[in-house]
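The structure appears right after this line, and notes come after that.
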Amino acid sequence: MSTVTISAQDVNKLRSMTGAGMMDCKKALTEANGDFEAAVDLLRKKGQKVSAARAENATSEGIVLIQVSADGTNGKLLALACETEPVSKVADFRNLAQNILDSAIEKNPTTADELAALTAADGRALGEHIIELTGKIGEKIVIQAYENVTGEKIVPYIHSNGKLGVLVALKNVGTAEVSEVGKDVAMQIAAMKPVALDKDDVDPHTIEREIEIGKEQARAEGKPEAMLEKIAQGKLNKFYKESTLLNQEFVKDNSKTITQLLDGVNKGLTVSVFKRIQIGG
């Protein structure tokens, strides 16, 4: 069987088409006997193999992107993660993240799985583009998180390191100017990591765990068994104050809670929902 000679020009052509490394392109063209379309498929298959081989690797680096609609009623929050910091700064990685966010803005998926399944301009799913870049870069790349938030007024916040983002939906805004207080609340969420909006929103399993921990702490301190439940409830109330957004003390002025902060701007102003995404967090 005849073998096609693979020229440096052919390798460069495939490299410019795919962005893959020189040696990978040469090997793919050789295996494909000079067929560029087959060589591209081979490189994509290589990406799938790389992705599978690195499936257990930690993705503690990456980038968080955020976008709020022109009317301020919808926000998208995306975290695209990779294994190492240098890759998170590569143009191809950042361009992919922006393309994924652009697709989310255009087609409005509700979940990360729906987002990955969206079809890009070239007819392939965004998930395939992720696999392809995995093959090119040689690192695991994943959509770590995606949030789609709708509300009366959406306020965004991105931390200076580009690895932490928050969306806050305010309600009962009225005619008040709320951008500044909204940013203060978003920064509060970024720093204090509330587990829920209010005490009624805390997961029941979390409540059970906090009560059990409170009882064990009291028991270890030698408190009577008859008092354990009351002590645990007291500790649970402290947990609500420290870990639910509306009950937290405002970090810039601990004389008021977040509820009081918002109410002071406009009577009844509050948060309907918030989302916090952190790379490596």
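A note on labels: chains of the structure tokens are A, B, ... as shown, every chain counts residues from 1, and ligands are counted from 1 in their shown order.
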
Legend entry - Nearby residues (only C-alpha atoms) at most 6 Å from Lys76 in chain A, same-chain spacing under 2 positions excluded, as number ranges by chain: A: 66-67, 147-148

Legend entry - DSSP alpha helix (DSSP H) residues within range 30-270 of chain A, listed as a ChimeraX atom specification: /A:30-31,36-53,85-88,91-107,112-117,126-137,179-192,204-220,228-243,258-265

Find the residues near range 155-162 of chain A: any atom within 10 Å, counting only C-alpha atoms, skip ones fewer than 4 places away on the same chain, and give them as a short mmCIF file (atom, residue, chain, number, x, y, z; two decimals) with C-alpha atoms, in the first residue's frame.
```
data_model
loop_
_atom_site.label_atom_id
_atom_site.label_comp_id
_atom_site.auth_asym_id
_atom_site.auth_seq_id
_atom_site.Cartn_x
_atom_site.Cartn_y
_atom_site.Cartn_z
CA GLY A 62 -9.75 28.50 35.39
CA ILE A 63 -11.85 31.57 34.76
CA VAL A 64 -15.23 32.90 35.88
CA LEU A 65 -17.24 35.05 33.45
CA ILE A 66 -20.42 36.99 34.06
CA GLN A 67 -22.97 38.81 31.91
CA VAL A 68 -26.13 40.75 32.78
CA GLY A 72 -30.81 44.14 34.16
CA THR A 73 -33.31 41.32 34.70
CA ASN A 74 -31.18 38.30 33.77
CA GLY A 75 -27.65 37.26 34.57
CA LYS A 76 -25.40 34.40 33.42
CA LEU A 77 -22.50 33.15 35.52
CA ALA A 79 -16.93 28.88 35.48
CA GLY A 151 -35.09 38.77 38.84
CA VAL A 166 -21.61 36.37 42.30
CA LEU A 167 -25.07 37.20 40.95
CA VAL A 168 -27.62 38.84 43.25
CA ALA A 169 -31.30 39.26 42.34
CA LEU A 170 -32.97 42.12 44.22
CA VAL A 178 -29.68 49.98 44.21
CA SER A 179 -26.49 49.31 42.24
CA GLU A 180 -24.20 50.30 45.11
CA VAL A 181 -26.00 48.36 47.82
CA GLY A 182 -26.37 45.44 45.43
CA LYS A 183 -22.62 45.36 44.94
CA ASP A 184 -22.11 45.53 48.71
CA VAL A 185 -24.38 42.51 49.13
CA ALA A 186 -22.61 40.66 46.31
CA MET A 187 -19.24 41.31 47.95
CA ILE A 189 -21.69 36.84 49.56
CA ALA A 190 -18.23 36.51 48.01
CA ALA A 191 -16.49 36.98 51.36
CA PHE A 274 -28.17 34.67 44.84
CA LYS A 275 -25.56 32.48 43.19
CA ARG A 276 -21.87 32.21 44.03
CA ILE A 277 -19.30 30.38 41.90
CA GLN A 278 -15.63 29.94 42.79
CA ILE A 279 -12.90 28.16 40.87
#
```

Legend entry - Selection: 6 Å around Glu85 in chain A, only C-alpha atoms, excl. self and same-chain fewer than 2 positions, as number ranges by chain: A: 61, 87-88

Inset, instruction - Extract, using only C-alpha atoms, all DNA, RNA and protein residues at most 12 Å from range 10-26 of chain A, discarding same-chain residues fewer than 5 positions from it, and format them as a VMD selection string. - result: chain A and resid 4 to 5 31 to 47 91 to 93 129 132 to 138
